[in-house]
>>> print(open('model_0.pdb').read())   # PDB, N, CA and C atoms
ATOM      1  N   MET A   1     -15.229   2.306  -1.106
ATOM      2  CA  MET A   1     -13.838   2.010  -0.826
ATOM      3  C   MET A   1     -13.724   0.562  -0.363
ATOM      4  N   ASN A   2     -12.771  -0.148  -0.905
ATOM      5  CA  ASN A   2     -12.505  -1.520  -0.488
ATOM      6  C   ASN A   2     -11.757  -1.521   0.835
ATOM      7  N   ALA A   3     -11.891  -2.615   1.552
ATOM      8  CA  ALA A   3     -11.138  -2.761   2.791
ATOM      9  C   ALA A   3      -9.667  -2.994   2.456
ATOM     10  N   ILE A   4      -8.800  -2.348   3.187
ATOM     11  CA  ILE A   4      -7.364  -2.509   2.979
ATOM     12  C   ILE A   4      -6.930  -3.830   3.600
ATOM     13  N   THR A   5      -6.110  -4.569   2.849
ATOM     14  CA  THR A   5      -5.556  -5.812   3.365
ATOM     15  C   THR A   5      -4.043  -5.693   3.420
ATOM     16  N   VAL A   6      -3.464  -6.305   4.432
ATOM     17  CA  VAL A   6      -2.011  -6.370   4.581
ATOM     18  C   VAL A   6      -1.660  -7.845   4.719
ATOM     19  N   THR A   7      -0.955  -8.369   3.715
ATOM     20  CA  THR A   7      -0.605  -9.782   3.691
ATOM     21  C   THR A   7       0.907  -9.928   3.792
ATOM     22  N   PRO A   8       1.411 -10.447   4.916
ATOM     23  CA  PRO A   8       2.858 -10.643   5.039
ATOM     24  C   PRO A   8       3.380 -11.565   3.939
ATOM     25  N   ILE A   9       4.567 -11.239   3.422
ATOM     26  CA  ILE A   9       5.186 -12.043   2.373
ATOM     27  C   ILE A   9       6.118 -13.088   2.983
ATOM     28  N   THR A  10       6.848 -12.700   4.008
ATOM     29  CA  THR A  10       7.689 -13.633   4.757
ATOM     30  C   THR A  10       7.469 -13.347   6.239
ATOM     31  N   PRO A  11       7.897 -14.242   7.114
ATOM     32  CA  PRO A  11       7.736 -13.983   8.547
ATOM     33  C   PRO A  11       8.544 -12.784   9.046
ATOM     34  N   ARG A  12       9.600 -12.393   8.326
ATOM     35  CA  ARG A  12      10.494 -11.346   8.827
ATOM     36  C   ARG A  12      10.337  -9.985   8.160
ATOM     37  N   ILE A  13      10.077  -9.951   6.856
ATOM     38  CA  ILE A  13      10.065  -8.669   6.151
ATOM     39  C   ILE A  13       9.132  -8.743   4.948
ATOM     40  N   GLY A  14       8.491  -7.627   4.673
ATOM     41  CA  GLY A  14       7.695  -7.491   3.466
ATOM     42  C   GLY A  14       6.228  -7.833   3.637
ATOM     43  N   ALA A  15       5.372  -7.009   3.002
ATOM     44  CA  ALA A  15       3.934  -7.260   2.991
ATOM     45  C   ALA A  15       3.348  -6.686   1.711
ATOM     46  N   GLU A  16       2.271  -7.309   1.267
ATOM     47  CA  GLU A  16       1.533  -6.818   0.113
ATOM     48  C   GLU A  16       0.296  -6.086   0.609
ATOM     49  N   ILE A  17       0.087  -4.882   0.091
ATOM     50  CA  ILE A  17      -1.070  -4.073   0.451
ATOM     51  C   ILE A  17      -2.112  -4.234  -0.648
ATOM     52  N   GLY A  18      -3.320  -4.583  -0.281
ATOM     53  CA  GLY A  18      -4.417  -4.712  -1.230
ATOM     54  C   GLY A  18      -5.553  -3.775  -0.868
ATOM     55  N   GLY A  19      -6.463  -3.574  -1.804
ATOM     56  CA  GLY A  19      -7.630  -2.736  -1.554
ATOM     57  C   GLY A  19      -7.348  -1.254  -1.632
ATOM     58  N   VAL A  20      -6.218  -0.874  -2.270
ATOM     59  CA  VAL A  20      -5.844   0.533  -2.398
ATOM     60  C   VAL A  20      -5.615   0.836  -3.873
ATOM     61  N   ASP A  21      -6.253   1.887  -4.366
ATOM     62  CA  ASP A  21      -6.018   2.363  -5.730
ATOM     63  C   ASP A  21      -5.163   3.617  -5.614
ATOM     64  N   LEU A  22      -3.891   3.502  -5.955
ATOM     65  CA  LEU A  22      -2.958   4.616  -5.785
ATOM     66  C   LEU A  22      -3.199   5.757  -6.769
ATOM     67  N   ARG A  23      -4.101   5.568  -7.728
ATOM     68  CA  ARG A  23      -4.456   6.661  -8.645
ATOM     69  C   ARG A  23      -5.405   7.652  -7.983
ATOM     70  N   GLU A  24      -6.059   7.226  -6.917
ATOM     71  CA  GLU A  24      -7.039   8.058  -6.220
ATOM     72  C   GLU A  24      -6.397   8.761  -5.025
ATOM     73  N   GLU A  25      -7.024   9.851  -4.615
ATOM     74  CA  GLU A  25      -6.560  10.536  -3.406
ATOM     75  C   GLU A  25      -6.843   9.633  -2.208
ATOM     76  N   LEU A  26      -5.856   9.481  -1.343
ATOM     77  CA  LEU A  26      -5.983   8.589  -0.195
ATOM     78  C   LEU A  26      -6.462   9.359   1.030
ATOM     79  N   SER A  27      -7.357   8.748   1.777
ATOM     80  CA  SER A  27      -7.829   9.364   3.016
ATOM     81  C   SER A  27      -6.721   9.321   4.063
ATOM     82  N   GLU A  28      -6.872  10.140   5.081
ATOM     83  CA  GLU A  28      -5.894  10.140   6.173
ATOM     84  C   GLU A  28      -5.827   8.766   6.834
ATOM     85  N   GLU A  29      -6.965   8.108   6.966
ATOM     86  CA  GLU A  29      -7.009   6.775   7.578
ATOM     87  C   GLU A  29      -6.249   5.760   6.723
ATOM     88  N   THR A  30      -6.416   5.824   5.415
ATOM     89  CA  THR A  30      -5.696   4.915   4.518
ATOM     90  C   THR A  30      -4.198   5.150   4.612
ATOM     91  N   VAL A  31      -3.786   6.403   4.608
ATOM     92  CA  VAL A  31      -2.365   6.731   4.728
ATOM     93  C   VAL A  31      -1.818   6.216   6.057
ATOM     94  N   ARG A  32      -2.588   6.367   7.113
ATOM     95  CA  ARG A  32      -2.160   5.884   8.438
ATOM     96  C   ARG A  32      -1.969   4.369   8.421
ATOM     97  N   LEU A  33      -2.908   3.643   7.827
ATOM     98  CA  LEU A  33      -2.808   2.183   7.767
ATOM     99  C   LEU A  33      -1.621   1.733   6.920
ATOM    100  N   ILE A  34      -1.377   2.413   5.808
ATOM    101  CA  ILE A  34      -0.225   2.089   4.962
ATOM    102  C   ILE A  34       1.071   2.350   5.717
ATOM    103  N   ARG A  35       1.135   3.476   6.417
ATOM    104  CA  ARG A  35       2.337   3.817   7.182
ATOM    105  C   ARG A  35       2.590   2.784   8.279
ATOM    106  N   GLU A  36       1.541   2.365   8.973
ATOM    107  CA  GLU A  36       1.695   1.342  10.015
ATOM    108  C   GLU A  36       2.219   0.032   9.424
ATOM    109  N   ALA A  37       1.698  -0.357   8.263
ATOM    110  CA  ALA A  37       2.168  -1.588   7.607
ATOM    111  C   ALA A  37       3.629  -1.454   7.216
ATOM    112  N   TRP A  38       4.007  -0.301   6.698
ATOM    113  CA  TRP A  38       5.401  -0.057   6.300
ATOM    114  C   TRP A  38       6.329  -0.147   7.512
ATOM    115  N   LEU A  39       5.939   0.483   8.618
ATOM    116  CA  LEU A  39       6.773   0.449   9.820
ATOM    117  C   LEU A  39       6.894  -0.971  10.381
ATOM    118  N   GLU A  40       5.828  -1.734  10.295
ATOM    119  CA  GLU A  40       5.854  -3.103  10.824
ATOM    120  C   GLU A  40       6.626  -4.063   9.918
ATOM    121  N   HIS A  41       6.476  -3.918   8.603
ATOM    122  CA  HIS A  41       7.024  -4.906   7.661
ATOM    123  C   HIS A  41       8.248  -4.413   6.889
ATOM    124  N   GLN A  42       8.609  -3.164   7.024
ATOM    125  CA  GLN A  42       9.777  -2.519   6.406
ATOM    126  C   GLN A  42       9.703  -2.375   4.887
ATOM    127  N   VAL A  43       9.084  -3.289   4.193
ATOM    128  CA  VAL A  43       8.936  -3.231   2.736
ATOM    129  C   VAL A  43       7.477  -3.538   2.418
ATOM    130  N   ILE A  44       6.848  -2.694   1.591
ATOM    131  CA  ILE A  44       5.467  -2.963   1.194
ATOM    132  C   ILE A  44       5.359  -2.931  -0.325
ATOM    133  N   PHE A  45       4.453  -3.748  -0.845
ATOM    134  CA  PHE A  45       4.213  -3.861  -2.281
ATOM    135  C   PHE A  45       2.755  -3.545  -2.572
ATOM    136  N   PHE A  46       2.533  -2.823  -3.649
ATOM    137  CA  PHE A  46       1.196  -2.555  -4.164
ATOM    138  C   PHE A  46       1.138  -3.186  -5.550
ATOM    139  N   ARG A  47       0.487  -4.313  -5.686
ATOM    140  CA  ARG A  47       0.441  -5.011  -6.976
ATOM    141  C   ARG A  47      -0.688  -4.471  -7.856
ATOM    142  N   ASP A  48      -0.495  -4.657  -9.160
ATOM    143  CA  ASP A  48      -1.523  -4.362 -10.166
ATOM    144  C   ASP A  48      -2.010  -2.918 -10.128
ATOM    145  N   GLN A  49      -1.095  -1.989  -9.948
ATOM    146  CA  GLN A  49      -1.427  -0.567  -9.997
ATOM    147  C   GLN A  49      -1.137  -0.059 -11.411
ATOM    148  N   ASP A  50      -2.120   0.537 -12.052
ATOM    149  CA  ASP A  50      -1.980   1.049 -13.413
ATOM    150  C   ASP A  50      -1.714   2.551 -13.334
ATOM    151  N   LEU A  51      -0.452   2.907 -13.067
ATOM    152  CA  LEU A  51      -0.076   4.302 -12.861
ATOM    153  C   LEU A  51       0.657   4.858 -14.071
ATOM    154  N   THR A  52       0.398   6.135 -14.369
ATOM    155  CA  THR A  52       1.206   6.825 -15.370
ATOM    156  C   THR A  52       2.550   7.165 -14.728
ATOM    157  N   HIS A  53       3.501   7.572 -15.546
ATOM    158  CA  HIS A  53       4.806   7.977 -15.013
ATOM    159  C   HIS A  53       4.629   9.121 -14.014
ATOM    160  N   GLU A  54       3.792  10.083 -14.353
ATOM    161  CA  GLU A  54       3.568  11.232 -13.470
ATOM    162  C   GLU A  54       2.943  10.808 -12.144
ATOM    163  N   GLN A  55       1.987   9.894 -12.195
ATOM    164  CA  GLN A  55       1.363   9.409 -10.964
ATOM    165  C   GLN A  55       2.365   8.627 -10.114
ATOM    166  N   HIS A  56       3.248   7.911 -10.756
ATOM    167  CA  HIS A  56       4.225   7.100 -10.032
ATOM    168  C   HIS A  56       5.200   7.962  -9.248
ATOM    169  N   ILE A  57       5.617   9.090  -9.797
ATOM    170  CA  ILE A  57       6.599   9.927  -9.108
ATOM    171  C   ILE A  57       5.960  10.947  -8.173
ATOM    172  N   ALA A  58       4.634  11.087  -8.208
ATOM    173  CA  ALA A  58       3.947  12.083  -7.361
ATOM    174  C   ALA A  58       3.926  11.657  -5.905
TER     175      ALA A  58
END
>>> encode(input="model_0.pdb", output="structure tokens")
Amino acid sequence: MNAITVTPITPRIGAEIGGVDLREELSEETVRLIREAWLEHQVIFFRDQDLTHEQHIA
């Protein structure tokens, strides 16, 4: 597993999450870290995810 990175996009809102493959089942720790980033930055982005339509809506 890669280390999760949280990179702020602006000083006020938004962050990019790296080191996460959304096609895979996420551990409780990964979900916790993503949730913390979302609460802190209000908007989060996961770039370069190759998801099917079904995976995207799951």
>>> closest_residue(input="model_0.pdb", among="A:Ile9, A:Ile57, A:Val31, A:Glu25", to="Val43 of chain A", atoms="only C-alpha atoms")
A:Ile9
>>> atom_distance(input="model_0.pdb", atom1="atom CA of Thr7 of chain A", atom2="atom CA of Ala58 of chain A")
24.9 Å
>>> closest_residue(input="model_0.pdb", among="A:Leu26, A:Val6, A:Val20, A:Ala15", to="His41 of chain A", atoms="all atoms listed in the file")
A:Ala15
>>> closest_residue(input="model_0.pdb", among="A:Ala3, A:Ala37, A:Ile13, A:Leu22", to="Gln49 of chain A", atoms="only C-alpha atoms")
A:Leu22
>>> select_by_dssp(input="model_0.pdb", residues="chain A", states="alpha helix (DSSP H)", output="VMD selection string")
chain A and resid 28 to 41 53 to 57
>>> resolve_selection(input="model_0.pdb", expression="the PyMOL selection byres (((chain A and resi 46 and name CA) around 8) and name CA)", output="ChimeraX atom specification")
/A:16-18,20,44-45,47-49
>>> select_by_dssp(input="model_0.pdb", residues="chain A", states="strand (DSSP E or B)", output="list in words")
Thr5, Val6, Thr7, Pro8, Ala15, Glu16, Ile17, Gly18, Ile44, Phe45 and Phe46 of chain A
>>> residues_near_point(input="model_0.pdb", point="(-1.6, 8.6, -11.1)", cutoff="6.5 Å", atoms="all atoms listed in the file", output="number ranges by chain")
A: 22-24, 50-52, 54-56
>>> axis_aligned_box(input="model_0.pdb", around="segment 8-26 of chain A", padding_each_side="4 Å", output="lines of an AutoDock Vina configuration file")
center_x = 1.4
center_y = -1.9
center_z = 0.2
size_x = 26.1
size_y = 32.8
size_z = 25.7
>>> atom_distance(input="model_0.pdb", atom1="atom C of Thr5 of chain A", atom2="atom CA of Leu33 of chain A")
9.1 Å
